[in-house]
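*Asks:* Dropping a structure here in structure tokens format, bear with me for questions.
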Amino acid sequence: MENDSHHRLVGLSKMDFESFPLAESLDVEIVMHRNAHFGGKFEFMLEYYFQEGKGVQEDFSLERIEELGLIEIEMQEDLTNLLLSDAEIDMVQQSLSTYSEIREVYEIDNPKNKFPLLISNLILSEEEHPLQEIEAIVKEKRAIVPYLHKLIHSDKFYDPLFPGYGYAPLHAFECLGRIGDVSSIPLLFEKIGSGSFLNEETIFQALRAFGSSAEEFLLKVLKGKPLTVDNERAAIALLQFEENEAFARYSLELLQDPAVLTNPTLTAYLVLGCEGLQNPEHQKEFLLLLNNPKIPTILHEDIRAIARHWFPNLRI
């Protein structure tokens with residue numbers, strides 16, 4: 001199929017293309033979104049967007065959705081045929097197939113295992129925060145954890161084109177945090193940095209719910225050698241907890257390691273982690289980092305700000 005949608009439109013449209021300019025990338029996304037979630041009908045999509053449903057995509061304006069609907073009517077041609085590549089049509093079909101698989105769960109009379117139904121309810125909920133569905137899952141405690149792990153491992157549920165509009169893993173993170181099964185901590189850690197800011201904040205919230213169990217896991221990762229991105233992820237996760245002296249002391253220790261100082265991102269996180277230092281001698285040792293030429297100059301102000309909190313009368 002021709003990849004240049006402008007050229008396809010010229011060849012297939014029944015009206016002059018200049019009258020119906022298409023902003024290719026965004027229009028393609030709108031048509032895919034329409035086909036995946038709204039039965040291929042712009043009128044259904046418009047009604048949903050007027051009501052500001054959970055799956056609304058901020059980049060899709062009501063005006064543009066309406067314009068595309070009018071263009072389709074005027075052309076008497078489904079924009080799917082004009083705009084979408086074979087690969088994009090296949091993506092939509094995968095979404096529709098996933099919807100069908102989920103709906104099959106509801107067709108089972110008196111299911112012996114109710115967990116798939118609870119997970120399906122969580123995915124398909126139109127509530128911004130599906131508290132009722134979350135509560136039903138949390139009540140099942142550790143027994144349902146493998147089903148939540150499976151949901152989190154499935155990349156498609158992070159995609160707004162698929163059922164749940166990309167929110168289902170966030171709800172699963174919350175469930176895991178509330179259930180408190182420590183086997184979930186490594187999985188939550190693994191997902192740090194793999195999605196949006198909203199994903200990350202929900203992961204941190206879930207990890208905080210594990211308290212000291214999560215902190216101990218993260219400290220172990222932070223101490224791991226050789227240094228990898230995992231050390232950075234552990235540091236940024238530990239920063240989400242209330243001041244932790246064990247983290248602070250180890251951060252200070254790591255900042256004495258020349259190998260660590262070659263990683264500016266990790267160094268910056270460790271400097272912030274030192275804010276939890278309680279021992280005045282450790283605090284003074286931290287202040288001496290200003291004399292270390294390997295500490296990036298850009299971090300000096302952070303060091304001074306933290307030190308001023310401890311020693312308000314100190315001129316530095």
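All residue names refer to the structure tokens as shown: chains lettered A, B, ... in order, residues numbered from 1 in each chain, ligands numbered from 1 in order.
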Mind listing the helix (DSSP H, G or I) residues of stretch 32-176 of chain A, per DSSP on the backbone, as a ChimeraX atom specification?
*Replies:* /A:32-37,42-50,62-75,79-83,86-105,115-124,131-138,141-153,155-158,168-176
*Asks:* Which residues of stretch 61-114 of chain A come within 7 Å of stretch 32-46 of chain A, and for each one, what is the closest pair of atoms and their distance in Å to one decimal, counting only C-alpha atoms, sorted by chain and residue number, as JSON lines?
*Replies:*
```
{"residue": "A:Leu62", "atom": "CA", "partner": "A:Leu46", "partner_atom": "CA", "distance": 6.7}
{"residue": "A:Ile65", "atom": "CA", "partner": "A:Leu46", "partner_atom": "CA", "distance": 6.8}
{"residue": "A:Gly69", "atom": "CA", "partner": "A:Phe42", "partner_atom": "CA", "distance": 5.6}
{"residue": "A:Val92", "atom": "CA", "partner": "A:Ala36", "partner_atom": "CA", "distance": 5.4}
{"residue": "A:Ser95", "atom": "CA", "partner": "A:Ala36", "partner_atom": "CA", "distance": 6.0}
{"residue": "A:Leu96", "atom": "CA", "partner": "A:Ala36", "partner_atom": "CA", "distance": 6.0}
```
*Asks:* Could you pull the residues within 12 Å of A:Asp155, counting only C-alpha atoms, minus those fewer than 2 positions along the same chain, as a PDB file with C-alpha atoms, in the first residue's frame?
*Replies:*
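Generated output (around_28.pdb):
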```pdb
ATOM      1  CA  HIS A 149       1.724  -9.539  36.726  1.00  0.00           C
ATOM      2  CA  LYS A 150       0.552 -10.905  33.386  1.00  0.00           C
ATOM      3  CA  LEU A 151      -1.337  -7.689  32.694  1.00  0.00           C
ATOM      4  CA  ILE A 152       1.696  -5.567  33.545  1.00  0.00           C
ATOM      5  CA  HIS A 153       3.965  -7.698  31.343  1.00  0.00           C
ATOM      6  CA  PHE A 157      -2.053  -2.537  27.480  1.00  0.00           C
ATOM      7  CA  TYR A 158       0.296   0.452  27.737  1.00  0.00           C
ATOM      8  CA  ASP A 159      -0.869   1.546  24.279  1.00  0.00           C
ATOM      9  CA  PRO A 160      -3.929   3.866  24.167  1.00  0.00           C
ATOM     10  CA  LEU A 161      -4.998   2.102  20.967  1.00  0.00           C
ATOM     11  CA  PHE A 162      -5.805  -1.032  22.963  1.00  0.00           C
ATOM     12  CA  PRO A 163      -8.541  -1.786  25.512  1.00  0.00           C
ATOM     13  CA  GLY A 166      -3.174   2.594  28.308  1.00  0.00           C
ATOM     14  CA  TYR A 167      -4.425   2.967  31.888  1.00  0.00           C
ATOM     15  CA  ALA A 168      -4.872  -0.689  32.871  1.00  0.00           C
ATOM     16  CA  PRO A 169      -1.242  -1.213  33.994  1.00  0.00           C
ATOM     17  CA  LYS A 191       8.975  -0.889  34.943  1.00  0.00           C
ATOM     18  CA  SER A 194       9.675   2.345  30.740  1.00  0.00           C
ATOM     19  CA  GLY A 195       6.588   4.507  30.332  1.00  0.00           C
TER      20      GLY A 195
END
```
*Asks:* Just the residues within 10 Å of A:Glu135, please, counting only C-alpha atoms, with nothing from its chain fewer than 5 positions along; format it as a list in words.
*Replies:*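 Close residues of A:Glu135: Pro130, Glu140, Cys175 and Arg178 of chain A.
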*Asks:* Can I get the selection written as an mmCIF file, in the first residue's frame, with C-alpha atoms?
*Replies:*
```cif
data_model
loop_
_atom_site.group_PDB
_atom_site.id
_atom_site.type_symbol
_atom_site.label_atom_id
_atom_site.label_comp_id
_atom_site.auth_asym_id
_atom_site.auth_seq_id
_atom_site.Cartn_x
_atom_site.Cartn_y
_atom_site.Cartn_z
ATOM 1 C CA PRO A 130 -11.937 2.445 39.047
ATOM 2 C CA GLU A 140 -8.441 -11.570 46.490
ATOM 3 C CA CYS A 175 -3.550 -3.135 43.158
ATOM 4 C CA ARG A 178 -2.293 -2.408 48.145
#
```
*Asks:* Out of A:Val138, A:Ala234, A:Leu118, A:Leu84, which residue has the shortest atom-to-atom distance to A:Leu176 when counting only C-alpha atoms?
*Replies:* A:Val138
*Asks:* Which residues come within 10 Å of A:Lys220, counting only C-alpha atoms, excluding same-chain residues fewer than 5 positions away, as a list in words?
*Replies:*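 Residues near the query, excluding close chain neighbours: Ala214, Glu215, Asn231 and Ala234 of chain A.
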*Asks:* Considering only C-alpha atoms, can you say which of A:Ile179, A:Ala237, A:Leu272, A:Leu299 comes closest to A:Phe204?
*Replies:*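 The answer is A:Ala237, which sits nearest to A:Phe204.
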*Asks:* Please, what distance in Å, to one decimal, runs between atom CA of A:Leu277 and atom CA of A:Phe197?
*Replies:*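 Distance between the two atoms: 28.2 Å.
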*Asks:* Please list as a list in words every residue within 9 Å of A:Tyr269, counting only C-alpha atoms and excluding residues in the same chain fewer than 4 positions away.
*Replies:* Glu232, Ala235, Ile236, Leu239, Ser251, Pro264, Thr265, Gly273 and Cys274 of chain A
*Asks:* Can I get the selection written as a PDB file, in the first residue's frame, with N, CA and C atoms?
*Replies:*
```
ATOM      1  N   GLU A 232      20.862   3.757  38.783  1.00  0.00           N
ATOM      2  CA  GLU A 232      20.168   5.038  38.637  1.00  0.00           C
ATOM      3  C   GLU A 232      18.692   4.902  39.006  1.00  0.00           C
ATOM      4  N   ALA A 235      18.242   4.611  42.708  1.00  0.00           N
ATOM      5  CA  ALA A 235      18.448   5.888  43.396  1.00  0.00           C
ATOM      6  C   ALA A 235      17.226   6.784  43.257  1.00  0.00           C
ATOM      7  N   ILE A 236      16.711   6.899  42.042  1.00  0.00           N
ATOM      8  CA  ILE A 236      15.554   7.791  41.855  1.00  0.00           C
ATOM      9  C   ILE A 236      14.330   7.239  42.579  1.00  0.00           C
ATOM     10  N   LEU A 239      14.599   8.097  46.267  1.00  0.00           N
ATOM     11  CA  LEU A 239      14.307   9.509  46.516  1.00  0.00           C
ATOM     12  C   LEU A 239      12.814   9.769  46.722  1.00  0.00           C
ATOM     13  N   SER A 251      24.726   6.830  49.839  1.00  0.00           N
ATOM     14  CA  SER A 251      24.907   7.819  48.773  1.00  0.00           C
ATOM     15  C   SER A 251      26.221   8.565  48.976  1.00  0.00           C
ATOM     16  N   PRO A 264      27.142  11.261  35.534  1.00  0.00           N
ATOM     17  CA  PRO A 264      26.553  12.486  36.089  1.00  0.00           C
ATOM     18  C   PRO A 264      25.108  12.315  36.561  1.00  0.00           C
ATOM     19  N   THR A 265      24.345  11.444  35.907  1.00  0.00           N
ATOM     20  CA  THR A 265      22.949  11.245  36.319  1.00  0.00           C
ATOM     21  C   THR A 265      22.879  10.595  37.684  1.00  0.00           C
ATOM     22  N   GLY A 273      20.159  12.411  47.478  1.00  0.00           N
ATOM     23  CA  GLY A 273      19.924  11.395  48.503  1.00  0.00           C
ATOM     24  C   GLY A 273      20.609  11.711  49.814  1.00  0.00           C
ATOM     25  N   CYS A 274      21.694  12.479  49.766  1.00  0.00           N
ATOM     26  CA  CYS A 274      22.442  12.821  50.982  1.00  0.00           C
ATOM     27  C   CYS A 274      21.671  13.759  51.908  1.00  0.00           C
TER      28      CYS A 274
END
```
*Asks:* To one decimal in Å, tell me the separation between atom CA of A:Ile144 and atom CA of A:Phe115.
*Replies:*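 Computing the Euclidean distance for atom CA of A:Ile144 and atom CA of A:Phe115 yields 6.5 Å.
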*Asks:* Check the smallest atom-to-atom distance from each of A:Glu275, A:Glu174, A:Glu133, A:Glu190 to A:Thr202 using only C-alpha atoms, then report the winner.
*Replies:*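 Nearest to A:Thr202: A:Glu174.
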*Asks:* Using atom CA of A:His171 and atom CA of A:Glu242 as the two end points, give the distance in Å to one decimal.
*Replies:* 23.5 Å
*Asks:* Can you tell me, as a PyMOL selection string, what residues are no more than 12 Å from A:Leu68 when counting only C-alpha atoms, ignoring any on the same chain fewer than 5 positions away?
*Replies:* chain A and resi 20-24+26-31+34+41-43+45-46+60-63+73-80+82-83
*Asks:* Would you save the residues of that selection, restricted to C-alpha atoms, as a compact mmCIF listing (two decimals), in the first residue's frame?
*Replies:*
```txt
# COMPACT_ATOMS: atom_id res chain seq x y z
CA PHE A 20 -9.57 18.68 2.37
CA PRO A 21 -5.99 19.00 3.66
CA LEU A 22 -5.00 16.22 6.07
CA ALA A 23 -2.40 16.59 8.81
CA GLU A 24 -1.05 13.14 8.12
CA LEU A 26 -2.32 13.11 13.75
CA ASP A 27 -5.15 12.29 11.36
CA VAL A 28 -3.86 8.75 11.01
CA GLU A 29 -3.86 8.40 14.81
CA ILE A 30 -7.40 9.75 15.04
CA VAL A 31 -8.70 7.31 12.42
CA ARG A 34 -11.81 5.72 15.98
CA LYS A 41 -17.83 5.79 13.49
CA PHE A 42 -16.82 9.44 13.90
CA GLU A 43 -20.22 10.23 15.42
CA MET A 45 -16.15 9.15 18.82
CA LEU A 46 -17.45 12.72 18.88
CA PHE A 60 -7.24 14.96 19.33
CA SER A 61 -9.42 18.07 19.18
CA LEU A 62 -13.18 17.93 18.82
CA GLU A 63 -12.89 20.28 15.87
CA ILE A 73 -19.05 12.22 4.21
CA GLU A 74 -18.14 14.58 1.38
CA MET A 75 -15.72 12.10 -0.16
CA GLN A 76 -18.07 9.16 0.33
CA GLU A 77 -14.96 7.20 1.14
CA ASP A 78 -13.85 5.60 4.43
CA LEU A 79 -10.70 7.42 5.52
CA THR A 80 -9.30 4.07 6.60
CA LEU A 82 -7.13 6.61 2.26
CA LEU A 83 -4.89 7.12 5.25
```
